[in-house]
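**Student:** upload-v9.cif is reproduced in full below (mmCIF, C-alpha atoms).
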data_final
#
loop_
_atom_site.label_atom_id
_atom_site.label_comp_id
_atom_site.auth_asym_id
_atom_site.auth_seq_id
_atom_site.Cartn_x
_atom_site.Cartn_y
_atom_site.Cartn_z
CA ILE A 1 0.00 0.00 0.00
CA ILE A 2 2.88 2.39 0.81
CA LEU A 3 4.45 1.82 -2.60
CA TYR A 4 1.10 2.17 -4.35
CA MET A 5 0.42 5.47 -2.56
CA PHE A 6 3.80 6.75 -3.78
CA LEU A 7 2.75 5.83 -7.31
CA ALA A 8 -0.65 7.51 -6.83
CA VAL A 9 0.88 10.80 -5.63
CA SER A 10 3.28 10.87 -8.58
CA ILE A 11 0.35 10.37 -11.00
CA VAL A 12 -1.70 13.16 -9.39
CA CYS A 13 1.24 15.57 -9.44
CA ASP A 14 2.43 14.78 -12.95
CA ASP A 15 -0.94 14.50 -14.74
CA TYR A 16 -3.10 17.05 -12.92
CA PHE A 17 -1.43 19.20 -10.24
CA LEU A 18 1.60 20.51 -12.16
CA PRO A 19 -0.29 21.12 -15.46
CA SER A 20 -2.90 23.18 -13.57
CA LEU A 21 -0.08 25.10 -11.89
CA GLU A 22 1.51 25.90 -15.24
CA ILE A 23 -1.77 27.28 -16.60
CA ILE A 24 -2.30 29.33 -13.41
CA SER A 25 1.21 30.77 -13.83
CA GLU A 26 0.56 31.60 -17.47
CA THR A 27 -2.85 33.18 -16.74
CA LEU A 28 -1.63 35.33 -13.84
CA GLY A 29 1.72 36.14 -15.45
CA LEU A 30 3.75 34.66 -12.58
CA SER A 31 7.42 33.83 -12.74
CA GLN A 32 8.36 30.24 -12.00
CA ASP A 33 9.74 30.98 -8.55
CA VAL A 34 6.66 32.98 -7.46
CA ALA A 35 4.36 30.21 -8.70
CA GLY A 36 6.45 27.65 -6.81
CA ALA A 37 6.39 29.70 -3.60
CA THR A 38 2.61 30.29 -3.66
CA PHE A 39 0.25 27.96 -5.53
CA MET A 40 2.62 25.01 -5.75
CA ALA A 41 3.62 25.33 -2.09
CA ALA A 42 -0.01 25.64 -0.97
CA GLY A 43 -1.20 22.66 -3.00
CA SER A 44 1.62 20.30 -2.05
CA SER A 45 1.41 21.38 1.62
CA ALA A 46 -2.31 20.61 1.88
CA PRO A 47 -1.58 17.51 4.04
CA GLU A 48 0.20 19.67 6.62
CA LEU A 49 -2.79 22.05 6.74
CA VAL A 50 -5.16 19.12 7.35
CA THR A 51 -2.83 17.73 10.04
CA SER A 52 -2.68 21.09 11.79
CA PHE A 53 -6.49 21.44 11.86
CA LEU A 54 -6.77 17.90 13.25
CA GLY A 55 -4.23 18.70 15.96
CA VAL A 56 -6.03 21.88 17.06
CA PHE A 57 -9.70 20.86 16.80
CA VAL A 58 -9.79 17.03 17.02
CA THR A 59 -6.86 15.59 18.97
CA LYS A 60 -6.22 18.89 20.83
CA GLY A 61 -2.53 18.05 20.96
CA ASP A 62 0.79 19.17 19.52
CA ILE A 63 0.67 16.93 16.45
CA GLY A 64 0.59 19.96 14.13
CA ILE A 65 3.70 21.57 15.64
CA SER A 66 5.65 18.31 15.78
CA THR A 67 4.72 17.34 12.22
CA ILE A 68 5.49 20.74 10.66
CA LEU A 69 8.63 21.59 12.60
CA GLY A 70 9.82 17.97 12.57
CA SER A 71 9.63 17.69 8.79
CA ALA A 72 11.20 21.10 8.11
CA ILE A 73 14.74 19.71 7.98
CA TYR A 74 13.65 17.04 5.53
CA ASN A 75 11.91 19.64 3.36
CA LEU A 76 15.03 21.78 3.12
CA LEU A 77 17.78 19.17 2.85
CA GLY A 78 16.03 15.91 1.90
CA ILE A 79 14.04 17.33 -1.02
CA SER A 80 17.04 19.34 -2.23
CA ALA A 81 19.03 16.10 -2.22
CA ALA A 82 16.27 14.33 -4.19
CA CYS A 83 16.14 17.13 -6.79
CA GLY A 84 19.88 16.91 -7.34
CA LEU A 85 20.24 13.13 -7.34
CA PHE A 86 17.12 12.11 -9.30
CA SER A 87 17.27 14.79 -12.01
CA SER A 88 19.31 14.24 -15.18
CA VAL A 89 19.06 17.96 -15.96
CA VAL A 90 21.37 20.47 -14.27
CA SER A 91 19.23 23.52 -13.45
CA ARG A 92 20.58 27.03 -12.95
CA LEU A 93 19.20 29.13 -10.10
CA SER A 94 18.58 32.85 -9.57
CA CYS A 95 19.96 34.43 -6.40
CA TRP A 96 17.06 36.74 -5.44
CA PRO A 97 14.21 34.15 -5.24
CA LEU A 98 16.20 31.78 -3.03
CA PHE A 99 17.40 34.59 -0.74
CA ARG A 100 13.83 36.00 -0.54
CA ASP A 101 12.25 32.69 0.42
CA CYS A 102 14.98 31.74 2.91
CA LEU A 103 14.67 35.14 4.62
CA ALA A 104 10.88 34.78 4.83
CA TYR A 105 11.21 31.29 6.29
CA THR A 106 13.77 32.38 8.89
CA VAL A 107 11.47 35.22 10.02
CA SER A 108 8.42 32.91 10.20
CA VAL A 109 10.33 30.31 12.24
CA ALA A 110 11.52 33.00 14.65
CA VAL A 111 7.92 34.24 15.08
CA VAL A 112 6.61 30.72 15.78
CA LEU A 113 9.36 30.01 18.31
CA ALA A 114 8.70 33.33 20.08
CA MET A 115 4.98 32.52 20.19
CA ILE A 116 5.29 29.09 21.78
CA SER A 117 8.22 29.84 24.09
CA ASP A 118 5.81 30.32 27.03
CA ASN A 119 3.68 27.27 26.00
CA LEU A 120 0.66 29.56 25.42
CA ILE A 121 -0.86 30.80 22.14
CA TYR A 122 -3.00 33.98 22.27
CA TRP A 123 -5.17 35.30 19.45
CA TYR A 124 -2.94 38.28 18.72
CA GLU A 125 0.09 35.98 18.48
CA SER A 126 -1.59 33.76 15.89
CA ALA A 127 -2.76 36.89 14.06
CA SER A 128 0.85 38.08 13.89
CA LEU A 129 1.77 34.84 12.13
CA LEU A 130 -0.92 35.52 9.52
CA LEU A 131 0.44 39.06 9.19
CA VAL A 132 3.93 37.73 8.47
CA TYR A 133 2.59 35.53 5.68
CA GLY A 134 0.57 38.47 4.35
CA CYS A 135 3.76 40.55 4.16
CA TYR A 136 5.42 37.66 2.31
CA ILE A 137 2.61 37.61 -0.27
CA LEU A 138 2.88 41.42 -0.56
CA VAL A 139 6.59 41.11 -1.35
CA LEU A 140 5.77 38.48 -3.98
CA SER A 141 3.20 40.85 -5.50
CA PHE A 142 5.89 43.48 -6.10
CA ASP A 143 8.58 40.89 -6.79
CA ILE A 144 9.43 42.23 -10.25
CA LYS A 145 9.98 45.80 -9.08
CA ILE A 146 11.99 44.68 -6.04
CA ASN A 147 14.20 42.48 -8.21
CA GLN A 148 14.75 45.28 -10.74
CA TYR A 149 15.63 47.71 -7.94
CA LEU A 150 18.20 45.26 -6.55
CA MET A 151 19.66 44.74 -10.02
CA GLU A 152 20.02 48.51 -10.45
CA LYS A 153 21.37 49.00 -6.93
CA PHE A 154 24.02 46.33 -7.33
CA SER A 155 24.36 46.63 -11.10
CA PRO A 156 28.17 46.18 -11.33
CA CYS A 157 28.12 42.97 -9.27
CA CYS A 158 24.94 41.62 -10.83
CA THR A 159 26.09 42.39 -14.40
CA TYR A 160 29.36 40.61 -13.78
CA PHE A 161 27.59 37.73 -12.07
CA THR A 162 25.02 37.36 -14.87
CA LYS A 163 27.71 37.50 -17.57
CA ALA A 164 29.81 34.92 -15.75
CA MET A 165 26.82 32.60 -15.44
CA GLU A 166 25.96 32.98 -19.13
CA ASP A 167 29.56 32.27 -20.18
CA ALA A 168 29.72 29.24 -17.91
CA GLU A 169 26.39 28.05 -19.26
CA GLN A 170 27.50 28.30 -22.89
CA GLN A 171 30.72 26.40 -22.16
CA ALA A 172 28.84 23.75 -20.22
CA LEU A 173 26.24 23.36 -22.96
CA VAL A 174 28.92 22.85 -25.63
CA GLY A 175 30.87 20.42 -23.46
CA GLN A 176 27.86 18.40 -22.36
CA ARG A 177 26.46 18.12 -25.88
CA GLU A 178 29.81 16.90 -27.21
CA GLU A 179 30.07 14.31 -24.45
CA GLY A 180 26.41 13.34 -24.67
CA GLY A 181 25.85 14.07 -20.97
CA PRO A 182 23.02 15.86 -19.21
CA VAL A 183 22.09 19.27 -20.59
CA ILE A 184 22.24 22.28 -18.30
CA CYS A 185 18.97 24.22 -18.29
CA HIS A 186 19.28 27.88 -17.35
CA GLN A 187 15.72 28.98 -16.64
CA SER A 188 16.36 32.10 -14.66
CA ARG A 189 14.17 35.13 -14.17
CA LYS A 190 15.85 36.70 -17.19
CA ASP A 191 14.36 33.96 -19.37
CA SER A 192 10.99 34.53 -17.73
CA GLY A 193 10.82 38.13 -18.90
CA ILE A 194 11.66 39.53 -15.49
CA PHE A 195 13.96 42.14 -17.08
CA GLN A 196 11.44 43.25 -19.69
CA ASP A 197 9.96 46.74 -19.37
CA GLU A 198 6.45 45.67 -20.37
CA THR A 199 4.46 45.17 -17.17
CA ASP A 200 1.90 42.94 -18.89
CA TYR A 201 4.54 40.59 -20.21
CA SER A 202 3.92 37.01 -19.15
CA GLN A 203 6.56 35.83 -16.70
CA LEU A 204 6.45 32.24 -17.90
CA SER A 205 9.45 31.02 -19.88
CA THR A 206 9.15 30.50 -23.63
CA SER A 207 9.81 26.79 -23.34
CA LEU A 208 7.13 26.43 -20.68
CA ARG A 209 4.55 28.20 -22.85
CA GLY A 210 5.53 26.04 -25.80
CA ARG A 211 5.09 22.92 -23.70
CA LEU A 212 1.67 24.15 -22.56
CA ASP A 213 0.53 24.72 -26.14
CA GLU A 214 1.83 21.32 -27.14
CA ASN A 215 0.08 19.64 -24.22
CA THR A 216 -3.29 21.24 -24.95
CA GLN A 217 -3.16 20.47 -28.69
CA ASP A 218 -1.47 17.05 -28.95
CA HIS A 219 -2.00 15.63 -25.47
CA GLN A 220 -2.41 11.87 -25.42
CA SER A 221 -5.00 10.11 -23.32
CA VAL A 222 -3.94 8.82 -19.90
CA PHE A 223 -5.15 5.38 -21.05
CA THR A 224 -2.59 5.20 -23.89
CA MET A 225 -0.29 2.25 -23.19
CA PRO A 226 3.43 3.18 -23.22
CA GLU A 227 5.89 1.31 -25.44
CA ALA A 228 8.58 0.42 -22.88
CA ASP A 229 8.02 -2.87 -21.02
CA MET A 230 8.72 -1.50 -17.53
CA LYS A 231 6.41 1.46 -18.12
CA ARG A 232 3.73 -0.93 -19.32
CA ILE A 233 3.90 -2.85 -16.05
CA LEU A 234 3.54 0.37 -14.04
CA TRP A 235 0.73 1.48 -16.38
CA VAL A 236 -1.24 -1.72 -15.75
CA LEU A 237 -0.68 -1.51 -11.98
CA SER A 238 -1.76 2.14 -11.92
CA LEU A 239 -4.94 1.62 -13.98
CA PRO A 240 -7.30 1.64 -10.93
CA ILE A 241 -5.99 4.95 -9.55
CA THR A 242 -5.65 6.39 -13.08
CA THR A 243 -9.30 5.60 -13.80
CA LEU A 244 -10.45 7.03 -10.47
CA LEU A 245 -8.52 10.26 -11.01
CA TYR A 246 -9.73 10.53 -14.61
CA LEU A 247 -13.35 10.31 -13.46
CA THR A 248 -12.99 12.85 -10.62
CA ILE A 249 -10.49 15.48 -11.89
CA PRO A 250 -10.90 17.50 -15.12
CA ASP A 251 -7.71 17.15 -17.17
CA CYS A 252 -6.80 20.77 -17.97
CA ARG A 253 -4.17 19.60 -20.46
CA ARG A 254 -7.04 18.84 -22.83
CA GLN A 255 -8.46 21.81 -24.66
CA VAL A 256 -12.05 21.07 -23.57
CA TRP A 257 -11.10 21.32 -19.85
CA ARG A 258 -8.45 24.03 -20.13
CA ASN A 259 -10.59 26.74 -18.49
CA TRP A 260 -11.26 24.44 -15.52
CA PHE A 261 -7.66 24.69 -14.30
CA MET A 262 -8.60 26.10 -10.86
CA VAL A 263 -11.03 23.20 -10.32
CA THR A 264 -8.23 20.82 -11.33
CA PHE A 265 -5.87 22.52 -8.88
CA PHE A 266 -8.18 22.25 -5.84
CA ILE A 267 -9.42 18.72 -6.54
CA SER A 268 -5.88 17.45 -7.14
CA ALA A 269 -4.76 19.12 -3.87
CA ALA A 270 -7.63 17.32 -2.08
CA TRP A 271 -6.57 14.02 -3.63
CA ILE A 272 -2.97 14.67 -2.55
CA SER A 273 -4.17 15.19 1.03
CA ALA A 274 -6.27 12.01 1.00
CA ILE A 275 -3.49 9.85 -0.48
CA THR A 276 -0.91 11.30 1.92
CA TYR A 277 -3.21 10.51 4.86
CA VAL A 278 -3.36 6.85 3.83
CA LEU A 279 0.40 6.86 3.19
CA VAL A 280 1.26 8.24 6.63
CA TRP A 281 -1.24 5.80 8.21
CA MET A 282 0.48 2.83 6.57
CA ILE A 283 3.95 4.14 7.46
CA THR A 284 2.82 4.46 11.10
CA ILE A 285 1.60 0.84 11.10
CA ALA A 286 4.86 -0.32 9.49
CA GLY A 287 6.93 1.55 12.08
CA ASP A 288 4.87 0.12 14.95
CA THR A 289 5.20 -3.39 13.51
CA LEU A 290 8.97 -3.04 13.22
CA GLY A 291 9.18 -1.65 16.77
CA ILE A 292 10.58 1.76 15.76
CA PRO A 293 10.14 4.36 18.58
CA GLU A 294 7.61 7.12 17.91
CA SER A 295 10.20 9.87 18.27
CA VAL A 296 12.38 8.23 15.62
CA MET A 297 9.35 7.66 13.37
CA GLY A 298 8.39 11.34 13.56
CA LEU A 299 11.86 12.48 12.51
CA THR A 300 12.34 9.97 9.69
CA LEU A 301 9.51 8.00 8.06
CA LEU A 302 6.62 10.29 9.03
CA ALA A 303 8.55 13.44 8.14
CA ALA A 304 9.30 11.99 4.72
CA GLY A 305 5.76 10.63 4.34
CA THR A 306 4.01 13.95 4.93
CA SER A 307 6.41 15.62 2.47
CA VAL A 308 5.93 13.12 -0.36
CA PRO A 309 3.89 15.60 -2.49
CA ASP A 310 6.56 18.29 -2.09
CA THR A 311 9.29 15.79 -2.97
CA ILE A 312 7.61 14.42 -6.08
CA ALA A 313 6.46 17.84 -7.32
CA SER A 314 9.92 19.38 -6.84
CA VAL A 315 11.72 16.48 -8.52
CA LEU A 316 9.33 16.56 -11.49
CA VAL A 317 9.83 20.29 -12.14
CA ALA A 318 13.60 19.96 -11.55
CA GLN A 319 13.71 17.26 -14.25
CA LYS A 320 12.18 19.82 -16.64
CA GLY A 321 14.92 22.32 -15.80
CA ASN A 322 12.75 24.63 -13.67
CA GLY A 323 15.24 25.00 -10.83
CA ASP A 324 13.79 28.24 -9.43
CA MET A 325 10.33 26.70 -9.19
CA ALA A 326 11.71 23.60 -7.44
CA MET A 327 13.70 25.54 -4.83
CA SER A 328 10.90 28.07 -4.25
CA ASN A 329 8.52 25.18 -3.68
CA ILE A 330 10.91 23.62 -1.15
CA VAL A 331 11.37 26.79 0.93
CA GLY A 332 7.93 28.25 0.15
CA SER A 333 6.26 25.08 1.41
CA ASN A 334 7.95 25.57 4.75
CA VAL A 335 6.76 29.19 4.87
CA PHE A 336 3.23 28.01 4.07
CA ASP A 337 3.55 25.37 6.83
CA MET A 338 4.00 28.18 9.34
CA LEU A 339 0.71 29.64 8.03
CA CYS A 340 -0.83 26.18 8.51
CA LEU A 341 -0.15 26.62 12.22
CA GLY A 342 -1.47 30.18 12.36
CA ILE A 343 -4.87 29.62 10.69
CA PRO A 344 -6.32 26.99 13.08
CA TRP A 345 -4.78 28.73 16.10
CA PHE A 346 -6.40 32.04 15.11
CA ILE A 347 -9.80 30.46 14.38
CA ARG A 348 -9.87 28.71 17.74
CA THR A 349 -8.60 31.59 19.91
CA ALA A 350 -10.50 34.40 18.13
CA PHE A 351 -13.85 32.75 17.34
CA ILE A 352 -14.35 29.39 19.10
CA ASN A 353 -12.62 29.45 22.48
CA THR A 354 -12.10 33.12 23.33
CA SER A 355 -11.85 32.55 27.10
CA GLY A 356 -8.20 31.61 27.14
CA PRO A 357 -5.09 30.76 25.12
CA ILE A 358 -4.10 27.40 23.63
CA GLU A 359 -1.60 25.37 25.64
CA VAL A 360 1.25 23.74 23.71
CA ASN A 361 4.38 21.81 24.60
CA SER A 362 7.54 23.62 23.50
CA SER A 363 10.19 21.20 24.76
CA GLY A 364 13.14 20.69 22.46
CA LEU A 365 12.51 23.90 20.52
CA THR A 366 16.00 25.25 21.08
CA TYR A 367 17.58 22.37 19.21
CA THR A 368 14.90 22.60 16.51
CA ALA A 369 15.53 26.32 16.03
CA ILE A 370 19.31 25.84 15.75
CA SER A 371 18.82 22.99 13.26
CA LEU A 372 16.43 25.00 11.08
CA ILE A 373 18.60 28.13 11.03
CA CYS A 374 21.71 26.05 10.26
CA SER A 375 19.94 24.19 7.45
CA VAL A 376 18.73 27.46 5.85
CA ALA A 377 22.24 28.94 6.05
CA PHE A 378 23.69 25.74 4.62
CA ILE A 379 21.31 25.74 1.64
CA LEU A 380 22.31 29.32 0.73
CA LEU A 381 26.01 28.65 1.24
CA SER A 382 26.09 25.33 -0.61
CA VAL A 383 24.13 26.67 -3.59
CA HIS A 384 26.47 29.68 -3.79
CA LEU A 385 29.62 27.52 -3.61
CA ASN A 386 28.14 25.16 -6.20
CA GLY A 387 27.77 27.94 -8.77
CA TRP A 388 24.01 28.50 -8.31
CA LYS A 389 22.94 25.26 -9.92
CA ILE A 390 21.19 22.06 -8.87
CA ASP A 391 23.21 18.98 -9.76
CA LYS A 392 24.19 15.61 -8.34
CA LYS A 393 27.08 17.13 -6.37
CA LEU A 394 24.69 19.44 -4.48
CA GLY A 395 22.28 16.53 -4.00
CA ALA A 396 24.98 14.32 -2.47
CA VAL A 397 26.12 17.05 -0.06
CA CYS A 398 22.52 17.82 1.02
CA LEU A 399 21.86 14.11 1.57
CA ALA A 400 24.99 13.75 3.72
CA LEU A 401 24.08 16.75 5.87
CA TYR A 402 20.46 15.56 6.18
CA LEU A 403 21.70 12.22 7.52
CA VAL A 404 23.92 14.05 10.03
CA PHE A 405 21.05 16.29 11.24
CA THR A 406 18.66 13.33 11.45
CA THR A 407 21.14 11.19 13.39
CA LEU A 408 21.78 13.98 15.91
CA SER A 409 18.01 14.59 16.24
CA ILE A 410 17.31 10.90 16.89
CA LEU A 411 20.08 10.71 19.51
CA TYR A 412 18.65 13.84 21.15
CA GLU A 413 15.10 12.48 21.16
CA LEU A 414 16.24 9.16 22.61
CA GLY A 415 18.08 10.97 25.40
CA ILE A 416 21.51 9.70 24.35
CA ILE A 417 22.82 13.25 23.93
CA GLY A 418 21.56 16.42 25.62
CA ASN A 419 19.21 16.76 28.60
CA ASN A 420 16.05 15.51 26.94
CA PRO A 421 14.62 12.50 28.84
CA THR A 422 12.67 10.04 26.72
CA ARG A 423 8.92 10.43 27.17
CA VAL A 424 6.58 7.46 27.02
CA CYS A 425 2.82 7.71 26.41
CA GLY A 426 0.95 7.72 29.70
CA ASN A 427 3.94 8.87 31.78
#
Can you present the structure in this file as structure tokens?
**Tutor:**
Amino acid sequence: IILYMFLAVSIVCDDYFLPSLEIISETLGLSQDVAGATFMAAGSSAPELVTSFLGVFVTKGDIGISTILGSAIYNLLGISAACGLFSSVVSRLSCWPLFRDCLAYTVSVAVVLAMISDNLIYWYESASLLLVYGCYILVLSFDIKINQYLMEKFSPCCTYFTKAMEDAEQQALVGQREEGGPVICHQSRKDSGIFQDETDYSQLSTSLRGRLDENTQDHQSVFTMPEADMKRILWVLSLPITTLLYLTIPDCRRQVWRNWFMVTFFISAAWISAITYVLVWMITIAGDTLGIPESVMGLTLLAAGTSVPDTIASVLVAQKGNGDMAMSNIVGSNVFDMLCLGIPWFIRTAFINTSGPIEVNSSGLTYTAISLICSVAFILLSVHLNGWKIDKKLGAVCLALYLVFTTLSILYELGIIGNNPTRVCGN
């Protein structure tokens, strides 16, 4: 069931979620990184939003905080590793989108930690978290002007940096094509029209628009059997979920359903949440059967399980060369996760239970905060040292550091290091 749920999420993302996102980006004139940080992050983080609402209104526990903060390290390092290792395309990155999203995430984490430091959540504190996300959306709304201002402010450095990247790209393209290796895709904000003077110019890259037109005109049916033998086996195994999705989600890649892209987006996000719920349920049963402690499960299998949509969506867009969209989805999903905590907290404290604050357990937050800040700094530093590109070298380094962070976290949770006694249910 776990393996089949992985297959189901990949089908939803590849056939419905990402195509609807591309049409949304084209319609609203969004750059790839802004689309990844907003719509893509919100859709792929739907499971975390559901988990947070369940923790606040149903279980009345800290499951939302533990799930969101516990999986943050995996989102930053684990998904970055997957994008580098599982993508045959080397994607170039732009410096401003990554810096913008990392700064927003650092601020949102600091706000959450300040809120729950006294183990109490008041309505004005949860409202401040919504305000932070609102400011983030406001920055994204004026993203073009901010980016142009920064380019003008630091024009000598940015001109030199852009020229160096273009020269390196041309050399790499010639070398890779001669050797027959992976092609480097440079889909920066310059390709998206970010430096054009026309304000109504669509921010989507030319290749992305061409792929959209091709999909809507010559798109094959999902029931067309592939030619490769291995793909045929997967096609037969996925027929039940493919049929169910075909009957419940309008395929906006087809011309007849193209204007239904928002319906496709929301229904596919709902399907992602439902499939992820079953996936996490099965992973929990597997961990209990194998006798893995709950603290270890939360930091490893469950953290990866709840982030399956983010992982698959980011890897799929990275394979198409959309590096900015992949990285903005990784960091933007974490920023949206902080909003997932603020919405249910605000609804409960401001409208349902106005008599008092929400009590939470904030033990272990110091280590969590240090880990998150270190991982954000490491992502920026490693991408800069790697020449602002996503490749297998960056993936290997992110994977190694993720294993180090996870090992230290498990040792801390088990009480082997630090002053954190192991807690058992009922004690």
**Student:** Just how far from atom CA of Met297 of chain A is atom CA of Ala396 of chain A, in Å to one decimal?
**Tutor:**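 Interatomic distance here is 23.2 Å.
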**Student:** Please, what distance in Å, to one decimal, runs between atom CA of Thr306 of chain A and atom CA of Ile373 of chain A?
**Tutor:**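 Value for the atom CA of Thr306 of chain A-atom CA of Ile373 of chain A distance: 21.2 Å.
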**Student:** Which residues are near Phe261 of chain A? Cut-off 8 Å, only C-alpha atoms, ignore same chain within fewer than 6 positions. Put them as a list of chain:residue names.
**Tutor:**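 Answer for this query is A:Ser20, A:Leu21, A:Ile23, A:Ile24, A:Pro250, A:Cys252.
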**Student:** As number ranges by chain, please: the residues near Ala104 of chain A (cut-off 12 Å, all atoms listed in the file, same-chain neighbours under 2 positions excluded).
**Tutor:** A: 37, 97-102, 106-111, 129, 132-140, 328, 331-336, 338-339, 373, 376
**Student:** Keeping only C-alpha atoms, write the selected residues as an mmCIF file, in the frame of the given file.
**Tutor:**
data_model
loop_
_atom_site.group_PDB
_atom_site.id
_atom_site.type_symbol
_atom_site.label_atom_id
_atom_site.label_comp_id
_atom_site.auth_asym_id
_atom_site.auth_seq_id
_atom_site.Cartn_x
_atom_site.Cartn_y
_atom_site.Cartn_z
ATOM 1 C CA ALA A 37 6.390 29.700 -3.600
ATOM 2 C CA PRO A 97 14.210 34.150 -5.240
ATOM 3 C CA LEU A 98 16.200 31.780 -3.030
ATOM 4 C CA PHE A 99 17.400 34.590 -0.740
ATOM 5 C CA ARG A 100 13.830 36.000 -0.540
ATOM 6 C CA ASP A 101 12.250 32.690 0.420
ATOM 7 C CA CYS A 102 14.980 31.740 2.910
ATOM 8 C CA THR A 106 13.770 32.380 8.890
ATOM 9 C CA VAL A 107 11.470 35.220 10.020
ATOM 10 C CA SER A 108 8.420 32.910 10.200
ATOM 11 C CA VAL A 109 10.330 30.310 12.240
ATOM 12 C CA ALA A 110 11.520 33.000 14.650
ATOM 13 C CA VAL A 111 7.920 34.240 15.080
ATOM 14 C CA LEU A 129 1.770 34.840 12.130
ATOM 15 C CA VAL A 132 3.930 37.730 8.470
ATOM 16 C CA TYR A 133 2.590 35.530 5.680
ATOM 17 C CA GLY A 134 0.570 38.470 4.350
ATOM 18 C CA CYS A 135 3.760 40.550 4.160
ATOM 19 C CA TYR A 136 5.420 37.660 2.310
ATOM 20 C CA ILE A 137 2.610 37.610 -0.270
ATOM 21 C CA LEU A 138 2.880 41.420 -0.560
ATOM 22 C CA VAL A 139 6.590 41.110 -1.350
ATOM 23 C CA LEU A 140 5.770 38.480 -3.980
ATOM 24 C CA SER A 328 10.900 28.070 -4.250
ATOM 25 C CA VAL A 331 11.370 26.790 0.930
ATOM 26 C CA GLY A 332 7.930 28.250 0.150
ATOM 27 C CA SER A 333 6.260 25.080 1.410
ATOM 28 C CA ASN A 334 7.950 25.570 4.750
ATOM 29 C CA VAL A 335 6.760 29.190 4.870
ATOM 30 C CA PHE A 336 3.230 28.010 4.070
ATOM 31 C CA MET A 338 4.000 28.180 9.340
ATOM 32 C CA LEU A 339 0.710 29.640 8.030
ATOM 33 C CA ILE A 373 18.600 28.130 11.030
ATOM 34 C CA VAL A 376 18.730 27.460 5.850
#
**Student:** Once the PyMOL selection byres ((chain A and resi 278-294) around 9) is applied to the coordinates I shared, what remains selected? I want it as a VMD selection string.
**Tutor:** chain A and resid 1 to 6 273 to 277 295 to 299 301 to 302 305 to 306 414
**Student:** So what do you get for atom CA of Ser80 of chain A versus atom CA of Gly395 of chain A, distance-wise?
**Tutor:**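 Separation of atom CA of Ser80 of chain A and atom CA of Gly395 of chain A: 6.2 Å.
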